[in-house]
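Participant: Following this message is one structure expressed as structure tokens.
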Amino acid sequence: MGHPRSSIHETSARAESGQDDRSRFPEIPKDRERRELTLRGVMDTIPGLVWSALPDGGVEFCNQRWLDYTGMSFSEIKGWGWAAAIHPQDITHLQEGWRKALARSNSFEAEARMRRADGCYRWFLIQAMPLRDSGGRIIRWYGTNTDIEELKLAQEELQKQTSRLDQLFEQAPEAVAVLSTDDRIVRVNKEFTRMFGYEPDEVLQFPVNDLIVPEAQIESSRAYTRLLKEGGRVEVETVRRRKDGTEIDVSLLAVSVRTASGEQVVNYAIYRDITERKRAEERLRESEARFQAMADTAPVLIWMTGTDSLCSYFNKPWLDFTGRTMEQEVGTGWTEGVHPDDLQGCFDCFLPAFHARKPFRMEYRLRRADGEYRWLMESGIPRYAGAGEFVGYIGSNIDITDLKRAEVERQRLHQLEADLAHLNRVSMMGELAASLAHEIKQPIAAALMDAKTCVRWLRRDTPDVAEGCEAASRMINDATRAAEVIDRVRSLYRRDTSDRELLDVNEIIREMITLLHDKADRNSISIRTELDSELPPITADRVQLQQVLMNLMLNGVEAMKDTNGELTVTSKRTDDGQLLISVSDSGIGLPAGEGGRIFEAFFTTKAQGTGMGLSISRRIIESHGGRLWACANTGPGATFQFTLPTDAAVSSPSAA
């Protein structure tokens, strides 16, 4: 509120114009008038907005600063005209408050926005006190208007901050309790009520120690004592009790708020429920204990690394194997036991796999506690935590020294088998020597006769060139036939039997019959064939199939050498599209009670047999993707059968 441009300024103007100030205040004696004028002069010099009002509330004076601030004249504001300088939204409230103060004759205070001379409104604190006479009657009101715009803005900002803090307090993911200096709860947020099961009004003035379980009482009491004594903050993991009596694990952060002088104002207790984390940690400890128990009893050497590729764990079998301690092996200590020739290879295999997070496998030699280097096969895979983050590698090592030695022995046995197969073929060639001599002798004798005939035709007085040429052609055919017989013998005799080609199985059967028919004739054995002319060609090794057929057919001839029987060779397709070749005889049949052993290596019923023929034959057929077996006939004798796939992709080269 403010006052008109009067006082000293107005009085001086009247004095110059000859007017007497006593005419404005005829009732005021001269001495009192002088005091009033002095007071008004002082009020004009006060650096604030000062005014006075009559008992009825009408303004009867305002200092010059009031007029300058509003840009109004005293005639505009006197009485209740000052209301024009108040913000429209504040005027009603201000006037009602002023009238109540007048009616009650007590002091007045209000906040309102006043218009500045430039039209800008600013907040003011308006205060007034009554001046009473000796009888207690109000004779005048004196008031001030104080600019509180900055204070108001600060209050609004503080209110916003407080509102935001209250919102954060309520929405905080942790349970928060505001404690008095005697550790009584004065406020809690929603998470606190959810976590502990109390309603907000149930915990007001609630001693926070009532949440502490007996086992945690000493620890928490010490923590709070230190907090109260030293201030600052205290962080502990402890146990608290809910309303229903159950217990939860919590992480407690207690913060003490103090004034600049060090006086404690309030405490904050922030709780985070860590029950699940504690349980997970307990499960992890139990899992790690189970893992270590399993790892220490496992029959393999186990190790683990961290994310830095350095080994951080070795199980008991590893330490027992190397004879070293965990402290000696962790990091890169384990490399001291690796054979010097293998160490670089270990790093070359492991490090690229580690950086690519891929499994790996390698072999190297590791020194055993007794000083012997043993071959180990090491396998490693990356490890990941529940959230998917990489935590290192885990691996296992198996002692393969004996397997290495067995591999060398197996290769030696494989070579021995190959040598025995070759000897088997050579042995068969010995049995076929007479038949081969007959086969080769026939074309050679025919060629010799044709050569003599050719000479006679050419020595005639008139050489018969046509007849000579015909005889020479017959010589060529006979020589070619002899060469073919020799080539078949050479193919069976040579060691190299690993070439596969597209073959006609019926053609190979006929070749073997040609080689064997003389031996069959000498034992009065006939050979009969039932060959399917529609058989498709197959991919196979010619020499190996020749060896199988020769083994089976020779065995049949041997079984019938005293019975003058018949050897039957058949070929056909099965229902599933494979080739089925059968060699059946009418001889002595399979050995009684030992029919299942005839394919075992070194098992034989022949006095001069090696026991390798059928074993090698089965290996050859299986390497071609087929199967070889034997069964007894319903009558005398036995039948040997084998299948071969017609799909070339099924047959794969082997070292059979």
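Residues in the structure tokens are numbered from 1 in each chain, the chains being A, B, ... in the order shown, and ligands are numbered from 1 in the order shown.
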Enumerate the residues of range 131-281 of chain A with a DSSP assignment of strand (DSSP E or B), computed from the backbone, and present them as a compact mmCIF listing (two decimals) with all heavy atoms, in the first residue's frame.

Facilitator:
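Output contents, as saved in states-v5.txt:
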# COMPACT_ATOMS: atom_id res chain seq x y z
N LEU A 131 -1.40 2.80 15.70
CA LEU A 131 -0.89 3.74 16.72
C LEU A 131 -2.08 4.13 17.60
O LEU A 131 -3.10 4.61 17.10
CB LEU A 131 -0.30 4.99 16.05
CG LEU A 131 0.15 6.10 17.01
CD1 LEU A 131 1.33 5.62 17.88
CD2 LEU A 131 0.55 7.35 16.22
N ARG A 132 -1.95 3.92 18.92
CA ARG A 132 -3.07 4.14 19.82
C ARG A 132 -2.77 5.35 20.73
O ARG A 132 -1.61 5.64 21.02
CB ARG A 132 -3.31 2.90 20.68
CG ARG A 132 -3.60 1.65 19.85
CD ARG A 132 -3.73 0.43 20.74
NE ARG A 132 -3.85 -0.79 19.96
CZ ARG A 132 -4.99 -1.29 19.51
NH1 ARG A 132 -6.13 -0.66 19.79
NH2 ARG A 132 -5.00 -2.40 18.79
N ILE A 138 -7.31 3.63 18.43
CA ILE A 138 -6.42 3.74 17.25
C ILE A 138 -6.61 5.11 16.65
O ILE A 138 -7.73 5.51 16.29
CB ILE A 138 -6.71 2.66 16.21
CG1 ILE A 138 -6.45 1.26 16.80
CG2 ILE A 138 -5.88 2.87 14.95
CD1 ILE A 138 -6.80 0.14 15.86
N ILE A 139 -5.49 5.82 16.56
CA ILE A 139 -5.57 7.15 15.97
C ILE A 139 -4.93 7.19 14.58
O ILE A 139 -5.17 8.12 13.81
CB ILE A 139 -4.89 8.18 16.89
CG1 ILE A 139 -3.41 7.82 17.11
CG2 ILE A 139 -5.64 8.29 18.21
CD1 ILE A 139 -2.66 8.87 17.92
N ARG A 140 -4.14 6.19 14.27
CA ARG A 140 -3.51 6.16 12.93
C ARG A 140 -2.87 4.76 12.73
O ARG A 140 -2.52 4.08 13.68
CB ARG A 140 -2.46 7.26 12.80
CG ARG A 140 -1.88 7.37 11.39
CD ARG A 140 -1.00 8.60 11.24
NE ARG A 140 -1.81 9.82 11.07
CZ ARG A 140 -1.97 10.77 11.97
NH1 ARG A 140 -1.34 10.70 13.13
NH2 ARG A 140 -2.72 11.82 11.73
N TRP A 141 -2.73 4.38 11.45
CA TRP A 141 -2.02 3.13 11.08
C TRP A 141 -0.75 3.51 10.33
O TRP A 141 -0.79 4.40 9.47
CB TRP A 141 -2.88 2.26 10.16
CG TRP A 141 -4.08 1.64 10.84
CD1 TRP A 141 -5.28 2.21 11.07
CD2 TRP A 141 -4.14 0.31 11.35
NE1 TRP A 141 -6.13 1.36 11.70
CE2 TRP A 141 -5.46 0.15 11.89
CE3 TRP A 141 -3.26 -0.76 11.44
CZ2 TRP A 141 -5.88 -1.03 12.49
CZ3 TRP A 141 -3.70 -1.94 12.02
CH2 TRP A 141 -4.96 -2.08 12.55
N TYR A 142 0.35 2.82 10.63
CA TYR A 142 1.60 3.00 9.90
C TYR A 142 2.00 1.67 9.25
O TYR A 142 1.97 0.61 9.91
CB TYR A 142 2.72 3.47 10.83
CG TYR A 142 2.54 4.90 11.28
CD1 TYR A 142 1.97 5.20 12.52
CD2 TYR A 142 2.94 5.94 10.45
CE1 TYR A 142 1.79 6.50 12.92
CE2 TYR A 142 2.76 7.25 10.85
CZ TYR A 142 2.19 7.52 12.08
OH TYR A 142 2.00 8.83 12.47
N GLY A 143 2.34 1.79 7.98
CA GLY A 143 2.65 0.54 7.26
C GLY A 143 3.84 0.66 6.33
O GLY A 143 4.28 1.76 5.99
N THR A 144 4.34 -0.52 5.92
CA THR A 144 5.46 -0.60 4.95
C THR A 144 5.14 -1.66 3.90
O THR A 144 4.46 -2.66 4.19
CB THR A 144 6.77 -0.98 5.65
OG1 THR A 144 6.63 -2.24 6.28
CG2 THR A 144 7.18 0.08 6.66
N ASN A 145 5.62 -1.40 2.71
CA ASN A 145 5.55 -2.40 1.62
C ASN A 145 6.98 -2.80 1.28
O ASN A 145 7.77 -1.95 0.83
CB ASN A 145 4.87 -1.81 0.39
CG ASN A 145 3.40 -1.53 0.62
OD1 ASN A 145 2.94 -1.52 1.75
ND2 ASN A 145 2.67 -1.27 -0.47
N THR A 146 7.31 -4.07 1.48
CA THR A 146 8.68 -4.57 1.24
C THR A 146 8.70 -5.48 0.01
O THR A 146 7.92 -6.45 -0.08
CB THR A 146 9.19 -5.36 2.47
OG1 THR A 146 9.07 -4.53 3.63
CG2 THR A 146 10.63 -5.79 2.26
N ASP A 147 9.59 -5.18 -0.92
CA ASP A 147 9.72 -5.99 -2.15
C ASP A 147 10.28 -7.38 -1.79
O ASP A 147 11.39 -7.50 -1.26
CB ASP A 147 10.66 -5.28 -3.13
CG ASP A 147 10.64 -5.94 -4.51
OD1 ASP A 147 10.40 -7.17 -4.59
OD2 ASP A 147 10.89 -5.23 -5.51
N ALA A 175 13.88 -48.40 0.29
CA ALA A 175 13.05 -48.00 1.42
C ALA A 175 13.78 -46.92 2.20
O ALA A 175 14.93 -47.11 2.60
CB ALA A 175 12.75 -49.20 2.31
N VAL A 176 13.13 -45.78 2.41
CA VAL A 176 13.76 -44.64 3.08
C VAL A 176 12.93 -44.25 4.30
O VAL A 176 11.71 -44.13 4.22
CB VAL A 176 13.90 -43.44 2.14
CG1 VAL A 176 14.65 -42.31 2.83
CG2 VAL A 176 14.62 -43.84 0.85
N ALA A 177 13.62 -44.06 5.42
CA ALA A 177 12.98 -43.58 6.64
C ALA A 177 13.71 -42.35 7.13
O ALA A 177 14.95 -42.32 7.15
CB ALA A 177 12.99 -44.67 7.71
N VAL A 178 12.94 -41.32 7.49
CA VAL A 178 13.52 -40.11 8.08
C VAL A 178 13.43 -40.28 9.60
O VAL A 178 12.35 -40.56 10.14
CB VAL A 178 12.76 -38.86 7.64
CG1 VAL A 178 13.39 -37.61 8.25
CG2 VAL A 178 12.75 -38.76 6.12
N LEU A 179 14.56 -40.13 10.27
CA LEU A 179 14.63 -40.39 11.70
C LEU A 179 14.93 -39.11 12.46
O LEU A 179 15.71 -38.26 11.99
CB LEU A 179 15.72 -41.42 12.01
CG LEU A 179 15.72 -42.71 11.16
CD1 LEU A 179 16.91 -43.57 11.54
CD2 LEU A 179 14.43 -43.47 11.34
N ARG A 184 13.80 -42.03 16.19
CA ARG A 184 12.40 -42.37 16.00
C ARG A 184 12.01 -41.99 14.57
O ARG A 184 12.46 -40.98 14.04
CB ARG A 184 11.51 -41.64 17.01
CG ARG A 184 11.67 -42.19 18.42
CD ARG A 184 10.65 -41.61 19.39
NE ARG A 184 10.73 -42.27 20.66
CZ ARG A 184 10.12 -43.42 20.97
NH1 ARG A 184 9.34 -44.00 20.07
NH2 ARG A 184 10.25 -43.96 22.16
N ILE A 185 11.17 -42.83 13.98
CA ILE A 185 10.77 -42.62 12.59
C ILE A 185 9.75 -41.50 12.52
O ILE A 185 8.73 -41.53 13.21
CB ILE A 185 10.19 -43.92 12.00
CG1 ILE A 185 11.25 -45.03 12.02
CG2 ILE A 185 9.70 -43.69 10.57
CD1 ILE A 185 10.73 -46.38 11.57
N VAL A 186 10.00 -40.52 11.65
CA VAL A 186 9.07 -39.41 11.47
C VAL A 186 8.45 -39.41 10.08
O VAL A 186 7.45 -38.73 9.85
CB VAL A 186 9.77 -38.06 11.74
CG1 VAL A 186 10.22 -37.98 13.19
CG2 VAL A 186 10.97 -37.87 10.81
N ARG A 187 9.05 -40.15 9.15
CA ARG A 187 8.47 -40.22 7.82
C ARG A 187 9.05 -41.42 7.08
O ARG A 187 10.24 -41.74 7.25
CB ARG A 187 8.75 -38.94 7.03
CG ARG A 187 8.07 -38.90 5.67
CD ARG A 187 8.40 -37.65 4.91
NE ARG A 187 7.79 -37.63 3.60
CZ ARG A 187 8.03 -36.74 2.65
NH1 ARG A 187 8.88 -35.74 2.90
NH2 ARG A 187 7.43 -36.80 1.48
N VAL A 188 8.24 -42.08 6.26
CA VAL A 188 8.71 -43.20 5.44
C VAL A 188 8.11 -43.07 4.05
O VAL A 188 7.08 -42.41 3.86
CB VAL A 188 8.32 -44.56 6.06
CG1 VAL A 188 9.01 -44.79 7.39
CG2 VAL A 188 6.82 -44.70 6.17
N PHE A 206 7.93 -44.40 15.67
CA PHE A 206 8.27 -45.81 15.92
C PHE A 206 9.78 -45.89 16.12
O PHE A 206 10.54 -45.44 15.27
CB PHE A 206 7.85 -46.63 14.69
CG PHE A 206 7.89 -48.11 14.87
CD1 PHE A 206 6.87 -48.77 15.53
CD2 PHE A 206 8.95 -48.86 14.37
CE1 PHE A 206 6.90 -50.14 15.65
CE2 PHE A 206 8.99 -50.22 14.51
CZ PHE A 206 7.96 -50.87 15.16
N PRO A 207 10.28 -46.47 17.22
CA PRO A 207 11.75 -46.61 17.39
C PRO A 207 12.33 -47.51 16.31
O PRO A 207 11.88 -48.64 16.13
CB PRO A 207 11.89 -47.24 18.78
CG PRO A 207 10.59 -46.98 19.47
CD PRO A 207 9.55 -46.99 18.39
N ILE A 212 15.13 -54.15 14.37
CA ILE A 212 16.37 -54.93 14.42
C ILE A 212 16.12 -56.27 15.09
O ILE A 212 15.50 -56.34 16.15
CB ILE A 212 17.47 -54.15 15.18
CG1 ILE A 212 17.67 -52.76 14.55
CG2 ILE A 212 18.76 -54.93 15.19
CD1 ILE A 212 18.64 -51.89 15.29
N ARG A 233 28.21 -40.91 7.39
CA ARG A 233 27.38 -42.00 6.88
C ARG A 233 27.92 -43.33 7.36
O ARG A 233 29.11 -43.50 7.60
CB ARG A 233 27.33 -41.97 5.36
CG ARG A 233 28.68 -41.92 4.71
CD ARG A 233 28.58 -41.60 3.24
NE ARG A 233 28.08 -42.72 2.48
CZ ARG A 233 27.50 -42.61 1.30
NH1 ARG A 233 27.35 -41.40 0.78
NH2 ARG A 233 27.07 -43.65 0.64
N VAL A 234 27.02 -44.28 7.47
CA VAL A 234 27.37 -45.63 7.89
C VAL A 234 26.72 -46.60 6.92
O VAL A 234 25.52 -46.47 6.62
CB VAL A 234 26.88 -45.93 9.33
CG1 VAL A 234 27.17 -47.38 9.70
CG2 VAL A 234 27.56 -44.99 10.31
N GLU A 235 27.47 -47.55 6.38
CA GLU A 235 26.96 -48.57 5.48
C GLU A 235 27.22 -49.94 6.09
O GLU A 235 28.36 -50.27 6.41
CB GLU A 235 27.62 -48.48 4.11
CG GLU A 235 27.26 -47.20 3.34
CD GLU A 235 27.85 -47.21 1.94
OE1 GLU A 235 27.47 -48.09 1.15
OE2 GLU A 235 28.71 -46.35 1.68
N VAL A 236 26.17 -50.74 6.26
CA VAL A 236 26.30 -52.09 6.79
C VAL A 236 25.31 -52.99 6.06
O VAL A 236 24.31 -52.54 5.51
CB VAL A 236 26.02 -52.13 8.31
CG1 VAL A 236 27.08 -51.40 9.09
CG2 VAL A 236 24.63 -51.60 8.63
N GLU A 237 25.63 -54.28 6.05
CA GLU A 237 24.68 -55.30 5.61
C GLU A 237 24.23 -56.05 6.85
O GLU A 237 25.06 -56.57 7.60
CB GLU A 237 25.32 -56.25 4.60
CG GLU A 237 25.59 -55.60 3.25
CD GLU A 237 26.10 -56.60 2.22
OE1 GLU A 237 26.25 -57.80 2.59
OE2 GLU A 237 26.34 -56.19 1.07
N THR A 238 22.93 -56.08 7.07
CA THR A 238 22.42 -56.64 8.30
C THR A 238 21.06 -57.28 8.05
O THR A 238 20.63 -57.43 6.89
CB THR A 238 22.33 -55.55 9.39
OG1 THR A 238 21.89 -56.13 10.60
CG2 THR A 238 21.39 -54.44 8.97
N VAL A 239 20.38 -57.64 9.12
CA VAL A 239 19.08 -58.31 9.04
C VAL A 239 18.04 -57.44 9.74
O VAL A 239 18.31 -56.86 10.79
CB VAL A 239 19.14 -59.71 9.69
CG1 VAL A 239 17.80 -60.43 9.54
CG2 VAL A 239 20.26 -60.54 9.07
N ARG A 240 16.85 -57.34 9.15
CA ARG A 240 15.77 -56.57 9.75
C ARG A 240 14.50 -57.43 9.80
O ARG A 240 14.36 -58.40 9.06
CB ARG A 240 15.51 -55.29 8.95
CG ARG A 240 16.63 -54.26 9.10
CD ARG A 240 16.70 -53.74 10.51
NE ARG A 240 17.71 -52.71 10.69
CZ ARG A 240 18.95 -52.94 11.09
NH1 ARG A 240 19.35 -54.20 11.32
NH2 ARG A 240 19.80 -51.97 11.26
N ARG A 241 13.57 -57.00 10.68
CA ARG A 241 12.34 -57.74 10.90
C ARG A 241 11.17 -57.00 10.28
O ARG A 241 11.02 -55.79 10.44
CB ARG A 241 12.11 -57.93 12.39
CG ARG A 241 10.87 -58.78 12.72
CD ARG A 241 10.52 -58.76 14.20
NE ARG A 241 11.55 -59.37 15.01
CZ ARG A 241 12.33 -58.70 15.86
NH1 ARG A 241 12.18 -57.38 15.98
NH2 ARG A 241 13.23 -59.33 16.58
N GLU A 247 12.09 -62.21 8.58
CA GLU A 247 13.34 -61.46 8.52
C GLU A 247 13.81 -61.31 7.08
O GLU A 247 13.58 -62.18 6.24
CB GLU A 247 14.42 -62.16 9.35
CG GLU A 247 14.07 -62.25 10.83
CD GLU A 247 15.10 -63.05 11.61
OE1 GLU A 247 16.06 -63.54 10.99
OE2 GLU A 247 14.94 -63.19 12.84
N ILE A 248 14.45 -60.18 6.80
CA ILE A 248 15.00 -59.94 5.47
C ILE A 248 16.43 -59.42 5.62
O ILE A 248 16.77 -58.77 6.61
CB ILE A 248 14.16 -58.93 4.65
CG1 ILE A 248 14.06 -57.59 5.40
CG2 ILE A 248 12.80 -59.48 4.33
CD1 ILE A 248 13.41 -56.49 4.57
N ASP A 249 17.25 -59.74 4.63
CA ASP A 249 18.60 -59.19 4.57
C ASP A 249 18.53 -57.83 3.89
O ASP A 249 17.89 -57.69 2.84
CB ASP A 249 19.52 -60.13 3.79
CG ASP A 249 19.73 -61.44 4.50
OD1 ASP A 249 20.40 -61.44 5.54
OD2 ASP A 249 19.21 -62.47 4.02
N VAL A 250 19.18 -56.85 4.49
CA VAL A 250 19.14 -55.51 3.92
C VAL A 250 20.55 -54.92 3.89
O VAL A 250 21.41 -55.28 4.68
CB VAL A 250 18.22 -54.56 4.72
CG1 VAL A 250 16.79 -55.03 4.68
CG2 VAL A 250 18.71 -54.40 6.15
N SER A 251 20.73 -54.02 2.92
CA SER A 251 21.90 -53.17 2.90
C SER A 251 21.46 -51.81 3.43
O SER A 251 20.56 -51.18 2.86
CB SER A 251 22.44 -53.04 1.47
OG SER A 251 23.45 -52.07 1.41
N LEU A 252 22.02 -51.38 4.55
CA LEU A 252 21.59 -50.16 5.22
C LEU A 252 22.61 -49.05 5.03
O LEU A 252 23.80 -49.23 5.29
CB LEU A 252 21.40 -50.43 6.72
CG LEU A 252 21.21 -49.19 7.61
CD1 LEU A 252 19.95 -48.43 7.21
CD2 LEU A 252 21.17 -49.60 9.07
N LEU A 253 22.13 -47.92 4.53
CA LEU A 253 22.93 -46.71 4.44
C LEU A 253 22.29 -45.67 5.36
O LEU A 253 21.16 -45.24 5.13
CB LEU A 253 22.98 -46.18 3.01
CG LEU A 253 23.60 -44.80 2.82
CD1 LEU A 253 25.06 -44.79 3.28
CD2 LEU A 253 23.48 -44.34 1.38
N ALA A 254 22.99 -45.30 6.43
CA ALA A 254 22.50 -44.30 7.38
C ALA A 254 23.28 -43.01 7.18
O ALA A 254 24.51 -43.01 7.17
CB ALA A 254 22.65 -44.79 8.81
N VAL A 255 22.55 -41.91 7.00
CA VAL A 255 23.17 -40.61 6.73
C VAL A 255 22.68 -39.61 7.77
O VAL A 255 21.48 -39.48 8.02
CB VAL A 255 22.82 -40.10 5.32
CG1 VAL A 255 23.50 -38.77 5.06
CG2 VAL A 255 23.23 -41.12 4.27
N SER A 256 23.63 -38.89 8.38
CA SER A 256 23.29 -37.88 9.37
C SER A 256 23.39 -36.50 8.74
O SER A 256 24.39 -36.17 8.10
CB SER A 256 24.25 -37.98 10.56
OG SER A 256 24.01 -36.93 11.48
N VAL A 257 22.35 -35.68 8.92
CA VAL A 257 22.33 -34.31 8.40
C VAL A 257 22.57 -33.37 9.57
O VAL A 257 21.86 -33.41 10.58
CB VAL A 257 20.98 -34.00 7.72
CG1 VAL A 257 20.98 -32.56 7.21
CG2 VAL A 257 20.71 -34.98 6.60
N ARG A 258 23.59 -32.51 9.42
CA ARG A 258 23.96 -31.59 10.50
C ARG A 258 24.03 -30.16 9.97
O ARG A 258 24.20 -29.93 8.77
CB ARG A 258 25.32 -31.98 11.09
CG ARG A 258 25.29 -33.34 11.78
CD ARG A 258 26.69 -33.81 12.19
NE ARG A 258 26.61 -35.09 12.87
CZ ARG A 258 26.51 -35.23 14.19
NH1 ARG A 258 26.49 -34.15 14.96
NH2 ARG A 258 26.44 -36.42 14.74
N GLN A 264 23.23 -31.92 15.05
CA GLN A 264 22.51 -32.93 14.30
C GLN A 264 21.06 -32.51 14.14
O GLN A 264 20.38 -32.13 15.10
CB GLN A 264 22.58 -34.28 15.03
CG GLN A 264 21.99 -35.42 14.22
CD GLN A 264 22.14 -36.75 14.94
OE1 GLN A 264 22.29 -36.77 16.15
NE2 GLN A 264 22.13 -37.83 14.20
N VAL A 265 20.57 -32.57 12.87
CA VAL A 265 19.22 -32.14 12.57
C VAL A 265 18.30 -33.35 12.37
O VAL A 265 17.23 -33.45 12.98
CB VAL A 265 19.20 -31.24 11.32
CG1 VAL A 265 17.77 -30.83 10.98
CG2 VAL A 265 20.08 -30.02 11.54
N VAL A 266 18.72 -34.25 11.51
CA VAL A 266 17.89 -35.40 11.17
C VAL A 266 18.79 -36.51 10.65
O VAL A 266 19.92 -36.25 10.21
CB VAL A 266 16.83 -35.00 10.12
CG1 VAL A 266 17.47 -34.76 8.77
CG2 VAL A 266 15.73 -36.07 10.00
N ASN A 267 18.30 -37.73 10.69
CA ASN A 267 19.01 -38.87 10.12
C ASN A 267 18.15 -39.51 9.04
O ASN A 267 16.92 -39.51 9.14
CB ASN A 267 19.32 -39.93 11.19
CG ASN A 267 20.28 -39.41 12.24
OD1 ASN A 267 21.11 -38.56 11.96
ND2 ASN A 267 20.16 -39.92 13.46
N TYR A 268 18.83 -40.05 8.03
CA TYR A 268 18.14 -40.81 6.99
C TYR A 268 18.63 -42.25 7.05
O TYR A 268 19.84 -42.50 7.14
CB TYR A 268 18.42 -40.24 5.60
CG TYR A 268 17.68 -38.96 5.30
CD1 TYR A 268 18.24 -37.72 5.58
CD2 TYR A 268 16.41 -39.00 4.73
CE1 TYR A 268 17.56 -36.54 5.32
CE2 TYR A 268 15.72 -37.82 4.45
CZ TYR A 268 16.30 -36.60 4.75
OH TYR A 268 15.62 -35.45 4.48
N ALA A 269 17.68 -43.19 7.00
CA ALA A 269 18.02 -44.61 6.93
C ALA A 269 17.48 -45.15 5.61
O ALA A 269 16.28 -45.12 5.36
CB ALA A 269 17.42 -45.37 8.10
N ILE A 270 18.40 -45.62 4.76
CA ILE A 270 18.04 -46.12 3.42
C ILE A 270 18.29 -47.62 3.40
O ILE A 270 19.41 -48.08 3.63
CB ILE A 270 18.85 -45.41 2.33
CG1 ILE A 270 18.65 -43.89 2.43
CG2 ILE A 270 18.44 -45.90 0.95
CD1 ILE A 270 19.57 -43.10 1.53
N TYR A 271 17.21 -48.38 3.11
CA TYR A 271 17.30 -49.84 3.13
C TYR A 271 17.13 -50.38 1.71
O TYR A 271 16.23 -49.96 0.97
CB TYR A 271 16.20 -50.45 4.00
CG TYR A 271 16.22 -49.99 5.44
CD1 TYR A 271 15.51 -48.84 5.83
CD2 TYR A 271 16.90 -50.69 6.41
CE1 TYR A 271 15.51 -48.41 7.14
CE2 TYR A 271 16.91 -50.27 7.74
CZ TYR A 271 16.20 -49.13 8.10
OH TYR A 271 16.20 -48.72 9.40
N ARG A 272 17.98 -51.32 1.35
CA ARG A 272 17.83 -52.04 0.08
C ARG A 272 17.71 -53.53 0.40
O ARG A 272 18.56 -54.09 1.09
CB ARG A 272 19.02 -51.79 -0.85
CG ARG A 272 18.88 -52.53 -2.18
CD ARG A 272 20.05 -52.27 -3.10
NE ARG A 272 20.06 -50.90 -3.59
CZ ARG A 272 21.04 -50.06 -3.36
NH1 ARG A 272 22.10 -50.43 -2.67
NH2 ARG A 272 20.99 -48.81 -3.82
N ASP A 273 16.65 -54.13 -0.11
CA ASP A 273 16.42 -55.56 0.15
C ASP A 273 17.43 -56.39 -0.65
O ASP A 273 17.44 -56.36 -1.88
CB ASP A 273 14.99 -55.94 -0.29
CG ASP A 273 14.62 -57.36 0.12
OD1 ASP A 273 15.52 -58.13 0.50
OD2 ASP A 273 13.43 -57.70 0.08

Participant: DSSP says alpha helix (DSSP H) for which residues of range 232-378 of chain A? Put them as JSON, numbers by chain?

Facilitator: {"A": [275, 276, 277, 278, 279, 280, 281, 282, 283, 284, 285, 286, 287, 288, 289, 290, 291, 292, 293, 294, 295, 296, 297, 316, 317, 318, 319, 320, 321, 322, 326, 327, 328, 329, 343, 344, 345, 346, 347, 348, 349, 350, 351, 352, 353, 354, 355, 356]}

Participant: One decimal, in Å: what's the spacing between CA of Val203 in chain A and CA of Gly262 in chain A?

Facilitator: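 A separation of 27.9 Å between them.
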
Participant: What's around Arg405 in chain A at 12 Å? Count only C-alpha atoms, leave out sequence neighbours fewer than 6 positions away in its own chain, and write the answer as a list in words.

Facilitator: Arg374, Trp375, Asp399, Gln411 and Arg412 of chain A

Participant: Could the residues in this selection be saved with all heavy atoms as a compact mmCIF listing (two decimals), in the first residue's frame?

Facilitator:
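Writing the result to out_31.txt gives the following:
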# COMPACT_ATOMS: atom_id res chain seq x y z
N ARG A 374 54.07 -86.46 -20.04
CA ARG A 374 52.93 -87.25 -20.50
C ARG A 374 52.13 -86.42 -21.51
O ARG A 374 51.99 -85.21 -21.38
CB ARG A 374 52.02 -87.62 -19.33
CG ARG A 374 52.70 -88.36 -18.21
CD ARG A 374 52.90 -89.81 -18.52
NE ARG A 374 51.63 -90.52 -18.60
CZ ARG A 374 51.55 -91.83 -18.84
NH1 ARG A 374 52.66 -92.56 -19.04
NH2 ARG A 374 50.38 -92.44 -18.91
N TRP A 375 51.63 -87.11 -22.52
CA TRP A 375 50.80 -86.44 -23.53
C TRP A 375 49.41 -86.19 -22.97
O TRP A 375 48.78 -87.10 -22.41
CB TRP A 375 50.69 -87.29 -24.79
CG TRP A 375 51.86 -87.16 -25.72
CD1 TRP A 375 52.90 -88.03 -25.85
CD2 TRP A 375 52.09 -86.10 -26.63
NE1 TRP A 375 53.78 -87.57 -26.79
CE2 TRP A 375 53.31 -86.39 -27.30
CE3 TRP A 375 51.41 -84.93 -26.97
CZ2 TRP A 375 53.85 -85.54 -28.26
CZ3 TRP A 375 51.94 -84.09 -27.94
CH2 TRP A 375 53.15 -84.41 -28.57
N ASP A 399 44.94 -87.56 -19.95
CA ASP A 399 46.21 -88.19 -20.26
C ASP A 399 45.99 -89.18 -21.40
O ASP A 399 45.26 -90.17 -21.26
CB ASP A 399 46.74 -88.92 -19.02
CG ASP A 399 48.18 -89.42 -19.22
OD1 ASP A 399 48.57 -89.65 -20.37
OD2 ASP A 399 48.88 -89.60 -18.21
N GLN A 411 48.82 -98.64 -35.85
CA GLN A 411 49.38 -98.45 -37.19
C GLN A 411 50.30 -99.60 -37.57
O GLN A 411 50.32 -100.04 -38.72
CB GLN A 411 50.14 -97.11 -37.23
CG GLN A 411 49.24 -95.89 -37.11
CD GLN A 411 50.02 -94.60 -37.10
OE1 GLN A 411 51.25 -94.62 -37.12
NE2 GLN A 411 49.31 -93.48 -37.05
N ARG A 412 51.03 -100.10 -36.55
CA ARG A 412 51.90 -101.24 -36.85
C ARG A 412 51.08 -102.48 -37.19
O ARG A 412 51.39 -103.21 -38.14
CB ARG A 412 52.79 -101.53 -35.64
CG ARG A 412 53.91 -102.55 -35.91
CD ARG A 412 54.68 -102.83 -34.65
NE ARG A 412 53.87 -103.58 -33.69
CZ ARG A 412 53.66 -104.90 -33.76
NH1 ARG A 412 54.18 -105.60 -34.75
NH2 ARG A 412 52.94 -105.50 -32.85
